[in-house]
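Next comes input.txt, with compact mmCIF, C-alpha atoms.
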# COMPACT_ATOMS: atom_id res chain seq x y z
CA MET A 1 0.00 0.00 0.00
CA TRP A 2 1.17 3.50 -0.65
CA LEU A 3 -0.09 6.81 0.58
CA THR A 4 0.74 10.39 -0.24
CA LEU A 5 -0.58 13.27 1.76
CA SER A 6 -0.89 16.62 0.10
CA GLU A 7 -1.23 19.94 1.87
CA THR A 8 -2.65 21.49 -1.29
CA ASP A 9 -5.45 18.91 -1.41
CA PRO A 10 -8.56 20.63 0.01
CA ARG A 11 -9.85 17.33 1.42
CA PRO A 12 -9.11 16.50 5.04
CA ILE A 13 -6.36 13.90 5.58
CA TYR A 14 -8.73 11.07 6.50
CA LEU A 15 -10.57 11.53 3.20
CA GLN A 16 -7.25 11.49 1.33
CA ILE A 17 -6.43 8.16 2.98
CA ILE A 18 -9.86 6.74 2.15
CA ALA A 19 -9.66 7.86 -1.48
CA GLN A 20 -6.20 6.35 -1.98
CA VAL A 21 -7.06 3.01 -0.40
CA ARG A 22 -10.25 2.80 -2.48
CA GLU A 23 -8.36 3.66 -5.65
CA GLN A 24 -5.73 0.97 -4.97
CA VAL A 25 -8.45 -1.60 -4.34
CA ARG A 26 -10.17 -0.61 -7.57
CA SER A 27 -6.95 -0.81 -9.60
CA GLY A 28 -6.15 -4.23 -8.10
CA ARG A 29 -2.96 -3.02 -6.44
CA LEU A 30 -4.48 -3.96 -3.11
CA LYS A 31 -6.03 -7.41 -3.17
CA PRO A 32 -8.48 -9.11 -0.81
CA GLY A 33 -6.60 -10.32 2.26
CA ASP A 34 -3.78 -7.78 1.91
CA GLU A 35 -2.86 -6.20 5.22
CA LEU A 36 -2.84 -2.50 6.00
CA PRO A 37 -0.54 -0.89 8.57
CA SER A 38 -1.82 -0.58 12.09
CA VAL A 39 -3.35 2.74 13.12
CA ARG A 40 -0.38 3.58 15.32
CA GLU A 41 2.22 2.57 12.71
CA LEU A 42 0.59 4.62 9.96
CA ALA A 43 0.10 7.64 12.19
CA ASP A 44 3.69 7.50 13.47
CA THR A 45 5.22 7.07 10.03
CA LEU A 46 3.23 9.86 8.38
CA GLY A 47 3.37 12.12 11.41
CA ILE A 48 -0.40 12.47 11.72
CA ASN A 49 -2.88 11.97 14.54
CA MET A 50 -3.98 8.41 15.38
CA HIS A 51 -7.62 9.55 15.45
CA THR A 52 -7.32 10.68 11.82
CA VAL A 53 -6.16 7.22 10.73
CA ARG A 54 -8.78 5.53 12.90
CA SER A 55 -11.54 7.68 11.34
CA ALA A 56 -10.36 6.69 7.86
CA TYR A 57 -10.24 3.00 8.76
CA LEU A 58 -13.70 3.07 10.36
CA LYS A 59 -15.16 4.75 7.30
CA LEU A 60 -13.48 2.19 5.03
CA ARG A 61 -14.89 -0.57 7.18
CA ASP A 62 -18.39 0.93 6.95
CA GLN A 63 -17.99 1.04 3.17
CA GLY A 64 -17.11 -2.67 3.16
CA ILE A 65 -13.62 -2.04 1.79
CA ILE A 66 -11.64 -3.33 4.77
CA ASN A 67 -12.10 -5.69 7.69
CA LEU A 68 -11.26 -4.49 11.17
CA ARG A 69 -10.81 -7.06 13.90
CA LEU A 70 -9.64 -6.52 17.44
CA GLY A 71 -5.97 -7.35 17.92
CA ARG A 72 -5.34 -7.87 14.22
CA ARG A 73 -4.25 -5.63 11.39
CA ALA A 74 -6.86 -4.25 9.02
CA THR A 75 -7.18 -6.32 5.85
CA ILE A 76 -8.78 -5.71 2.49
CA ALA A 77 -12.23 -7.31 2.52
CA ARG A 78 -12.99 -10.34 0.37
CA ALA A 79 -16.12 -9.03 -1.33
CA HIS A 80 -15.97 -5.32 -1.89
CA LEU A 81 -16.63 -5.00 -5.63
CA PRO A 82 -18.97 -4.55 -7.32
CA ILE A 83 -21.37 -2.98 -4.87
CA LYS A 84 -24.22 -1.83 -7.09
CA ASN A 85 -27.45 -0.85 -5.50
CA GLU A 86 -29.94 1.98 -5.65
CA GLU A 87 -28.68 3.58 -2.47
CA ALA A 88 -25.08 3.68 -3.71
CA GLU A 89 -26.19 5.01 -7.10
CA GLY A 90 -28.25 7.70 -5.41
CA GLU A 91 -25.28 8.80 -3.31
CA LEU A 92 -23.09 8.98 -6.41
CA GLN A 93 -25.73 11.04 -8.18
CA LEU A 94 -25.73 13.54 -5.31
CA ARG A 95 -21.93 13.76 -5.26
CA LEU A 96 -21.84 14.21 -9.03
CA GLU A 97 -24.41 16.97 -8.87
CA GLU A 98 -22.42 18.73 -6.16
CA TRP A 99 -19.21 18.36 -8.16
CA MET A 100 -20.82 19.65 -11.37
CA THR A 101 -22.30 22.62 -9.56
CA ASP A 102 -18.83 23.51 -8.25
CA SER A 103 -17.37 23.13 -11.74
CA LEU A 104 -20.00 25.39 -13.30
CA LEU A 105 -19.62 27.93 -10.50
CA ILE A 106 -15.89 28.32 -11.20
CA GLY A 107 -16.71 28.88 -14.85
CA LEU A 108 -15.99 25.55 -16.55
CA THR A 109 -17.95 24.79 -19.69
CA ALA A 110 -19.81 21.52 -20.33
CA GLU A 111 -17.12 20.57 -22.84
CA GLN A 112 -14.33 21.20 -20.33
CA ILE A 113 -16.17 19.11 -17.74
CA MET A 114 -16.46 16.24 -20.23
CA GLN A 115 -12.73 16.55 -21.04
CA MET A 116 -11.89 16.38 -17.33
CA PHE A 117 -14.00 13.23 -17.00
CA GLU A 118 -12.35 11.54 -19.95
CA LYS A 119 -8.85 12.49 -18.81
CA GLN A 120 -9.49 11.12 -15.32
CA LEU A 121 -10.99 7.88 -16.66
CA LYS A 122 -7.98 7.33 -18.93
CA GLN A 123 -5.57 7.89 -16.03
CA MET A 124 -7.45 5.38 -13.90
CA GLU A 125 -7.48 2.82 -16.71
CA LYS A 126 -3.71 3.24 -17.04
CA ARG A 127 -3.25 2.48 -13.34
CA SER A 128 -5.37 -0.69 -13.51
CA MET B 1 13.76 -44.64 -19.10
CA LYS B 2 12.80 -42.78 -15.98
CA ASN B 3 15.52 -42.83 -13.34
CA PRO B 4 14.21 -44.86 -10.37
CA LEU B 5 16.03 -42.48 -8.01
CA ASN B 6 14.44 -39.50 -9.67
CA HIS B 7 12.54 -38.47 -6.56
CA SER B 8 13.76 -36.53 -3.58
CA LEU B 9 11.99 -38.92 -1.20
CA TRP B 10 14.52 -41.70 -1.88
CA THR B 11 16.96 -39.84 0.37
CA HIS B 12 14.78 -40.77 3.34
CA LEU B 13 15.18 -44.52 2.83
CA PRO B 14 17.95 -44.92 5.45
CA ALA B 15 15.76 -43.38 8.16
CA VAL B 16 12.82 -45.55 7.15
CA ALA B 17 15.09 -48.64 7.12
CA VAL B 18 16.40 -47.85 10.61
CA LEU B 19 12.88 -47.36 11.92
CA THR B 20 11.71 -50.59 10.27
CA TYR B 21 14.60 -52.47 11.89
CA PHE B 22 13.63 -51.01 15.26
CA VAL B 23 10.01 -52.11 14.86
CA ILE B 24 11.10 -55.63 13.88
CA ARG B 25 13.43 -55.82 16.91
CA LEU B 26 10.61 -54.55 19.12
CA PHE B 27 8.20 -57.27 18.07
CA THR B 28 10.70 -60.13 17.96
CA SER B 29 12.45 -59.46 21.24
CA GLY B 30 9.90 -61.29 23.37
CA PRO B 31 7.49 -60.00 26.01
CA LEU B 32 8.44 -56.81 27.82
CA PRO B 33 7.96 -56.38 31.58
CA ALA B 34 4.73 -54.65 32.63
CA GLN B 35 6.66 -52.22 34.85
CA ALA B 36 10.15 -50.97 34.07
CA PRO B 37 12.27 -47.84 34.43
CA VAL B 38 11.11 -45.20 31.97
CA HIS B 39 13.36 -42.35 33.01
CA TYR B 40 16.92 -42.18 34.32
CA THR B 41 19.15 -39.63 35.99
CA TRP B 42 22.35 -38.44 34.24
CA ASN B 43 24.16 -41.25 36.11
CA GLY B 44 21.85 -43.90 34.62
CA ILE B 45 19.92 -44.54 37.84
CA PRO B 46 16.17 -44.97 37.23
CA ASN B 47 13.99 -42.24 38.77
CA SER B 48 10.63 -43.05 37.20
CA PHE B 49 8.82 -46.32 36.51
CA GLY B 50 5.97 -47.33 34.22
CA SER B 51 5.15 -49.33 31.12
CA PRO B 52 8.22 -49.58 28.83
CA TRP B 53 5.86 -48.98 25.90
CA LEU B 54 5.63 -45.36 27.07
CA SER B 55 9.26 -44.79 26.23
CA LEU B 56 9.37 -47.05 23.17
CA GLY B 57 6.09 -45.64 21.80
CA LEU B 58 7.38 -42.10 22.22
CA ALA B 59 10.50 -43.03 20.25
CA LEU B 60 8.34 -44.53 17.47
CA GLY B 61 6.03 -41.50 17.33
CA LEU B 62 8.89 -38.99 17.37
CA SER B 63 10.72 -40.93 14.64
CA LEU B 64 7.67 -40.80 12.39
CA LEU B 65 7.28 -37.08 13.11
CA TYR B 66 10.93 -36.40 12.24
CA ILE B 67 10.60 -38.32 8.98
CA CYS B 68 7.48 -36.32 8.09
CA ILE B 69 9.22 -33.01 8.89
CA SER B 70 12.22 -34.06 6.82
CA VAL B 71 10.00 -35.02 3.86
CA VAL B 72 8.25 -31.63 3.96
CA LEU B 73 11.58 -29.78 4.15
CA ASP B 74 12.96 -31.89 1.34
CA LYS B 75 10.03 -31.24 -0.95
CA ALA B 76 10.38 -27.50 -0.27
CA TRP B 77 14.12 -27.67 -1.01
CA VAL B 78 13.59 -29.44 -4.34
CA LYS B 79 10.85 -26.99 -5.34
CA GLN B 80 13.12 -24.00 -4.68
CA GLU B 81 16.28 -25.53 -6.18
CA ARG B 82 17.58 -23.71 -9.24
CA LYS B 83 20.84 -25.67 -9.53
CA LYS B 84 21.92 -28.91 -7.89
CA THR B 85 23.11 -28.17 -4.40
CA PHE B 86 23.75 -30.59 -1.55
CA ASN B 87 20.61 -30.70 0.56
CA TRP B 88 21.97 -30.99 4.08
CA LEU B 89 18.41 -30.84 5.44
CA SER B 90 17.80 -34.30 3.97
CA LEU B 91 20.09 -35.69 6.72
CA PHE B 92 17.79 -34.38 9.45
CA ASP B 93 15.69 -37.55 9.79
CA GLU B 94 18.69 -39.90 9.55
CA LEU B 95 20.42 -38.07 12.39
CA THR B 96 17.39 -37.84 14.66
CA VAL B 97 15.74 -41.19 13.94
CA ALA B 98 18.99 -43.18 14.04
CA PHE B 99 19.99 -41.49 17.31
CA LEU B 100 16.61 -42.23 18.89
CA VAL B 101 16.62 -45.81 17.65
CA GLY B 102 20.20 -46.33 18.88
CA ILE B 103 19.27 -45.11 22.37
CA ASN B 104 16.11 -47.23 22.46
CA LEU B 105 17.88 -50.37 21.25
CA GLY B 106 20.19 -49.90 24.25
CA TYR B 107 17.11 -49.43 26.42
CA LEU B 108 15.57 -52.60 24.98
CA ASP B 109 18.76 -54.51 25.80
CA SER B 110 18.75 -53.20 29.37
CA LEU B 111 15.12 -54.35 29.75
CA GLN B 112 15.95 -57.82 28.46
CA THR B 113 19.04 -58.27 30.63
CA GLY B 114 17.10 -56.91 33.62
CA SER B 115 19.91 -54.56 34.69
CA GLY B 116 18.62 -51.79 36.90
CA THR B 117 20.82 -49.08 35.39
CA PHE B 118 21.17 -47.64 31.91
CA GLY B 119 24.45 -46.87 30.16
CA PHE B 120 24.61 -44.73 27.03
CA PRO B 121 24.67 -47.22 24.10
CA VAL B 122 27.70 -45.75 22.32
CA PHE B 123 28.05 -48.70 19.94
CA TYR B 124 24.44 -48.71 18.75
CA VAL B 125 24.27 -44.93 18.40
CA THR B 126 27.59 -44.64 16.54
CA VAL B 127 27.06 -47.56 14.15
CA ILE B 128 23.39 -46.87 13.36
CA THR B 129 23.65 -43.07 13.10
CA GLY B 130 26.95 -43.21 11.21
CA GLY B 131 25.67 -45.85 8.78
CA ALA B 132 22.37 -44.06 8.16
CA VAL B 133 24.05 -40.69 7.60
CA ILE B 134 26.67 -42.12 5.21
CA LEU B 135 23.91 -43.83 3.20
CA ALA B 136 21.84 -40.65 3.17
CA ILE B 137 24.83 -38.62 1.94
CA LEU B 138 25.37 -41.11 -0.90
CA LEU B 139 21.69 -41.01 -1.87
CA GLU B 140 21.67 -37.21 -1.74
CA ILE B 141 24.73 -37.08 -4.03
CA MET B 142 23.03 -39.55 -6.43
CA ARG B 143 19.79 -37.56 -6.45
CA PRO B 144 19.35 -36.09 -9.92
CA PHE B 145 18.45 -32.47 -10.38
CA ASN B 146 15.12 -31.65 -11.95
CA PRO B 147 15.01 -28.01 -12.99
CA SER B 148 11.78 -26.38 -11.99
CA SER B 149 9.38 -25.79 -14.89
CA GLU B 150 7.96 -22.80 -13.05
CA GLN B 151 8.32 -19.68 -15.19
CA LEU B 152 9.35 -16.45 -13.58
CA THR B 153 6.83 -13.78 -14.46
CA VAL B 154 7.86 -10.20 -14.02
CA GLU B 155 5.08 -7.69 -13.69
CA ASP B 156 5.13 -4.77 -16.08
CA THR B 157 5.61 -1.62 -14.04
CA THR B 158 5.73 0.90 -16.86
CA GLY B 159 3.83 3.92 -15.70
CA LEU B 160 4.48 3.11 -12.07
CA ALA B 161 7.66 5.20 -12.06
CA ALA B 162 5.82 8.23 -13.41
CA GLU B 163 3.07 7.82 -10.85
CA LEU B 164 5.63 7.51 -8.07
CA ALA B 165 7.51 10.56 -9.28
CA ALA B 166 4.25 12.52 -9.10
CA ARG B 167 3.52 11.17 -5.65
CA THR B 168 6.94 11.96 -4.21
CA LYS B 169 7.44 15.42 -5.73
CA ASP B 170 7.55 18.57 -3.55
CA ASN B 171 8.68 16.48 -0.54
CA ARG B 172 5.11 15.36 0.14
CA PRO B 173 4.68 12.90 2.99
CA PHE B 174 4.84 9.54 1.23
CA LEU B 175 4.61 6.03 2.56
CA TYR B 176 4.97 2.61 0.99
CA TRP B 177 4.04 -0.26 3.27
CA GLU B 178 3.83 -4.00 2.74
CA SER B 179 3.84 -6.97 5.05
CA GLN B 180 4.77 -10.62 5.12
CA ASN B 181 2.70 -12.21 7.82
CA PRO B 182 1.96 -15.81 6.81
CA LEU B 183 -0.43 -18.11 8.64
CA TYR B 184 2.30 -20.49 9.85
CA PHE B 185 4.02 -17.58 11.56
CA ASN B 186 0.83 -16.52 13.33
CA LEU B 187 0.25 -20.09 14.51
CA LEU B 188 3.84 -20.29 15.71
CA SER B 189 3.47 -17.10 17.71
CA ILE B 190 0.05 -17.91 19.20
CA ILE B 191 -0.58 -21.65 19.50
CA LEU B 192 2.92 -22.65 20.56
CA PRO B 193 3.08 -20.09 23.42
CA VAL B 194 -0.38 -21.23 24.61
CA VAL B 195 0.77 -24.87 24.70
CA MET B 196 4.03 -23.88 26.39
CA THR B 197 2.27 -21.77 29.01
CA ALA B 198 -0.17 -24.59 29.76
CA GLY B 199 2.79 -27.00 30.08
CA ALA B 200 4.60 -24.57 32.37
CA ILE B 201 1.57 -24.20 34.66
CA LEU B 202 1.01 -27.95 34.86
CA ASN B 203 4.70 -28.61 35.48
CA TRP B 204 5.25 -25.71 37.91
CA SER B 205 5.16 -27.73 41.15
CA SER B 206 7.52 -30.44 39.94
CA SER B 207 10.04 -28.34 38.05
CA THR B 208 9.89 -24.60 38.59
CA TRP B 209 13.03 -23.80 36.61
CA SER B 210 12.00 -25.63 33.45
CA SER B 211 8.54 -24.01 33.73
CA LEU B 212 10.14 -20.57 33.99
CA ILE B 213 12.25 -21.26 30.89
CA LEU B 214 9.10 -22.37 29.04
CA LEU B 215 7.32 -19.17 30.06
CA VAL B 216 10.22 -16.97 28.93
CA VAL B 217 10.33 -18.75 25.55
CA ALA B 218 6.52 -18.42 25.27
CA VAL B 219 6.70 -14.65 25.86
CA PHE B 220 9.49 -14.41 23.28
CA LEU B 221 7.36 -16.31 20.74
CA ILE B 222 4.32 -14.08 21.38
CA LEU B 223 6.51 -11.06 20.65
CA LEU B 224 7.17 -12.48 17.16
CA TYR B 225 3.48 -11.96 16.29
CA GLY B 226 2.95 -9.53 13.45
CA GLY B 227 5.54 -10.71 10.95
CA ILE B 228 7.79 -8.54 8.83
CA ARG B 229 6.80 -5.13 7.48
CA THR B 230 8.66 -3.12 4.89
CA VAL B 231 8.14 0.60 5.34
CA ILE B 232 9.50 3.16 2.89
CA VAL B 233 9.35 6.91 3.36
CA PRO B 234 11.34 9.46 1.33
CA GLN B 235 14.14 9.48 3.91
CA GLU B 236 14.53 5.79 4.71
CA VAL B 237 13.86 2.15 3.93
CA ALA B 238 13.04 0.19 7.04
CA VAL B 239 12.08 -3.36 7.93
CA ARG B 240 10.02 -3.71 11.07
CA PHE B 241 9.61 -6.99 12.88
CA SER B 242 7.43 -8.51 15.56
CA LEU B 243 4.64 -7.19 17.74
CA THR B 244 6.82 -4.34 18.95
CA GLY B 245 7.55 -3.05 15.44
CA LEU B 246 11.26 -3.18 16.14
CA LYS B 247 13.27 -1.75 13.23
CA VAL B 248 15.58 -4.61 12.26
CA LEU B 249 16.78 -2.74 9.19
CA LYS B 250 17.04 1.00 8.81
CA LEU B 251 18.69 2.38 5.69
CA LYS B 252 18.86 6.02 4.73
CA THR B 253 17.77 6.33 1.10
CA SER B 254 20.92 8.36 0.40
CA GLU B 255 23.01 5.30 1.38
CA ILE B 256 21.49 3.09 -1.34
CA ALA B 257 23.81 2.53 -4.29
CA ASN B 258 21.86 -0.14 -6.16
CA ALA B 259 18.63 -2.10 -5.97
CA GLU B 260 17.53 -5.06 -8.08
CA ILE B 261 15.00 -7.88 -8.06
CA MET B 262 16.45 -11.16 -6.85
CA GLN B 263 15.07 -14.67 -6.93
CA PHE B 264 16.43 -16.93 -4.23
CA ALA B 265 16.01 -20.34 -2.62
CA PRO B 266 15.03 -19.71 1.02
CA LEU B 267 16.26 -23.10 2.26
CA GLY B 268 19.27 -23.48 -0.03
CA ASP B 269 20.57 -19.90 0.04
CA PHE B 270 19.70 -18.89 3.60
CA GLY B 271 18.76 -22.12 5.41
CA GLY B 272 15.17 -21.17 6.20
CA TYR B 273 12.86 -18.22 6.75
CA GLY B 274 13.07 -15.18 9.00
CA ILE B 275 15.99 -12.82 9.45
CA ARG B 276 18.95 -14.61 7.91
CA PHE B 277 22.59 -14.03 7.15
CA ASN B 278 24.49 -16.17 4.65
CA GLY B 279 27.92 -14.58 4.79
CA LYS B 280 27.21 -12.24 1.87
CA MET B 281 23.95 -10.52 2.77
CA THR B 282 21.29 -10.21 5.43
CA ALA B 283 17.84 -11.30 4.32
CA TYR B 284 14.41 -10.49 5.72
CA TYR B 285 11.49 -12.65 4.57
CA LEU B 286 8.84 -15.04 5.87
CA ARG B 287 7.49 -16.44 2.61
CA GLY B 288 8.09 -16.57 -1.12
CA SER B 289 11.33 -16.72 -3.03
CA ARG B 290 11.53 -13.23 -4.54
CA GLY B 291 12.66 -9.93 -3.16
CA VAL B 292 14.73 -6.83 -3.73
CA LYS B 293 18.47 -6.88 -3.14
CA ILE B 294 19.82 -3.55 -1.92
CA THR B 295 23.50 -2.67 -2.06
CA THR B 296 24.68 0.28 0.00
CA ARG B 297 27.49 2.67 -0.88
CA GLN B 298 29.62 0.88 1.73
CA GLY B 299 29.08 -2.40 -0.16
CA ARG B 300 26.74 -4.02 2.37
CA GLN B 301 23.98 -6.12 0.88
CA TYR B 302 20.44 -6.65 2.13
CA LEU B 303 17.61 -8.72 0.72
CA ILE B 304 14.02 -7.73 1.49
CA GLY B 305 11.54 -10.46 0.62
CA SER B 306 8.37 -9.21 -1.02
CA ASP B 307 5.09 -10.40 -2.50
CA HIS B 308 5.32 -7.51 -5.01
CA PRO B 309 9.05 -7.08 -5.68
CA GLU B 310 8.45 -5.00 -8.82
CA HIS B 311 6.47 -2.44 -6.82
CA LEU B 312 9.03 -2.47 -4.03
CA LEU B 313 11.88 -1.94 -6.49
CA ALA B 314 10.06 0.91 -8.25
CA VAL B 315 9.44 2.64 -4.92
CA ILE B 316 13.04 2.20 -3.74
CA LYS B 317 14.31 3.60 -7.05
CA ALA B 318 11.91 6.53 -6.76
CA VAL B 319 13.09 7.52 -3.29
CA ALA B 320 16.80 6.62 -3.55
How does the structure come out when it is put into structure tokens?
Amino acid sequence: MWLTLSETDPRPIYLQIIAQVREQVRSGRLKPGDELPSVRELADTLGINMHTVRSAYLKLRDQGIINLRLGRRATIARAHLPIKNEEAEGELQLRLEEWMTDSLLIGLTAEQIMQMFEKQLKQMEKRS
Amino acid sequence: MKNPLNHSLWTHLPAVAVLTYFVIRLFTSGPLPAQAPVHYTWNGIPNSFGSPWLSLGLALGLSLLYICISVVLDKAWVKQERKKTFNWLSLFDELTVAFLVGINLGYLDSLQTGSGTFGFPVFYVTVITGGAVILAILLEIMRPFNPSSEQLTVEDTTGLAAELAARTKDNRPFLYWESQNPLYFNLLSIILPVVMTAGAILNWSSSTWSSLILLVVAVFLILLYGGIRTVIVPQEVAVRFSLTGLKVLKLKTSEIANAEIMQFAPLGDFGGYGIRFNGKMTAYYLRGSRGVKITTRQGRQYLIGSDHPEHLLAVIKAVA
């Protein structure tokens, strides 16, 4: 597993951790059963608060991405993909709407938004 | 025509022959007394009595166990072998089984003669162990080498370097982390200490010192829980070990002169798994046979075992 924290990223650190773990699971870099560092180890190494790492891990557990068991390291869950249901689709729709609103507010055109989508998809395909 | 000795298991024949001889002697030596000494002091004076089958049965059971362990080790050796090398592990069962059988043949003799004391059976032990080991050495030398048909697949990591460069630019906090924590290691560090602690508690009243030693070893084994973790940050490459996360290797990235993927034979090259030194390099691995060999500017060499050596190498090259 690898993690990069960016100060310029507007997202809080725990969301950066969640996004990167999810992306590595999606790309197959992290496989079911793979271990993640302990909360303390990750916090110490990156110089961040243990509560930040714990929040990220709890959220990932709630999303079904990782397993958390007392006394053991977190592991990537066996069945995490694909999770396709109406609730998840609805949540994505909301996030997309929010994201598109932000894009339009900063002055991006529909064409530019489409270009951004395509560019991001291509980058993710490359990583897979 | 297929070579009849074309199987690694033939090297265990001497141990099996010795054990077979022992069983034949056991069943042709006449009835054994119902009660006999089953334990002796260092001077050969009996200090515990019971059925002689307790001692003889234990020898039989242990011999079978040693042969099984030796077969498993041997199969692993052959699987990992890339060129014919003398498998000294194949002598394990000959040494242990022949020694046990030698001792117990002496014990059998002492039961039949009815002598109250027990003297170490030097003749039996020397002749049987020596003979079995010489035969095993000959069989091991005769054992033909079958190159493994397993193909080494190297993962394509094009694009990984660019991604890593983007991740590590501007001195951003970066972490690469991977672990080797196999099931056998977890069992070793949990089940064995539990058994040892139970043994120590049960044995406490009769032998406090041996119970204390068992407890100390049990605590040591529990501390091994957690396996090996490789942690890379822009400033250093570290290998952490055990429950405590002790850094058993700590290399500044500026010290690294070269890094390359290496395939190795854990048993043949390093004599097992764990933290190993073979005279040339120190190795850190608990499973697999691939890793990244790091050479420092001072010429020291380290091998870090990995399940994803291509990723590990790419990360080391990105930070070094």
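Each of B:Ser254, B:Ser242, B:Gln235, B:Ser179 was checked against chain A using only C-alpha atoms; the smallest atom-to-atom distance is that of B:Ser179.
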Considering all atoms listed in the file, return as an MDAnalysis selection string whatever protein or nucleic-acid residues lie within 10 Å of region 101-109 of chain B, sequence-local ones (same chain, fewer than 6 positions apart) excluded. chainID B and resid 15 18:19 21:23 25:26 29 32 37:38 52 55:56 59:60 63 115 117:129
Would you list which chain A residues are within 7 Å of chain B using all atoms listed in the file, as a PyMOL selection string? chain A and resi 1-6+35+46
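If you look at CA of Met281 (chain B) and CA of Leu89 (chain B), they are 21.2 Å away from each other.
CA of Leu64 (chain B) sits 11.5 Å away from CA of His12 (chain B).
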Which distance in Å separates CA of Ala259 (chain B) and CA of Val292 (chain B), to one decimal? 6.5 Å
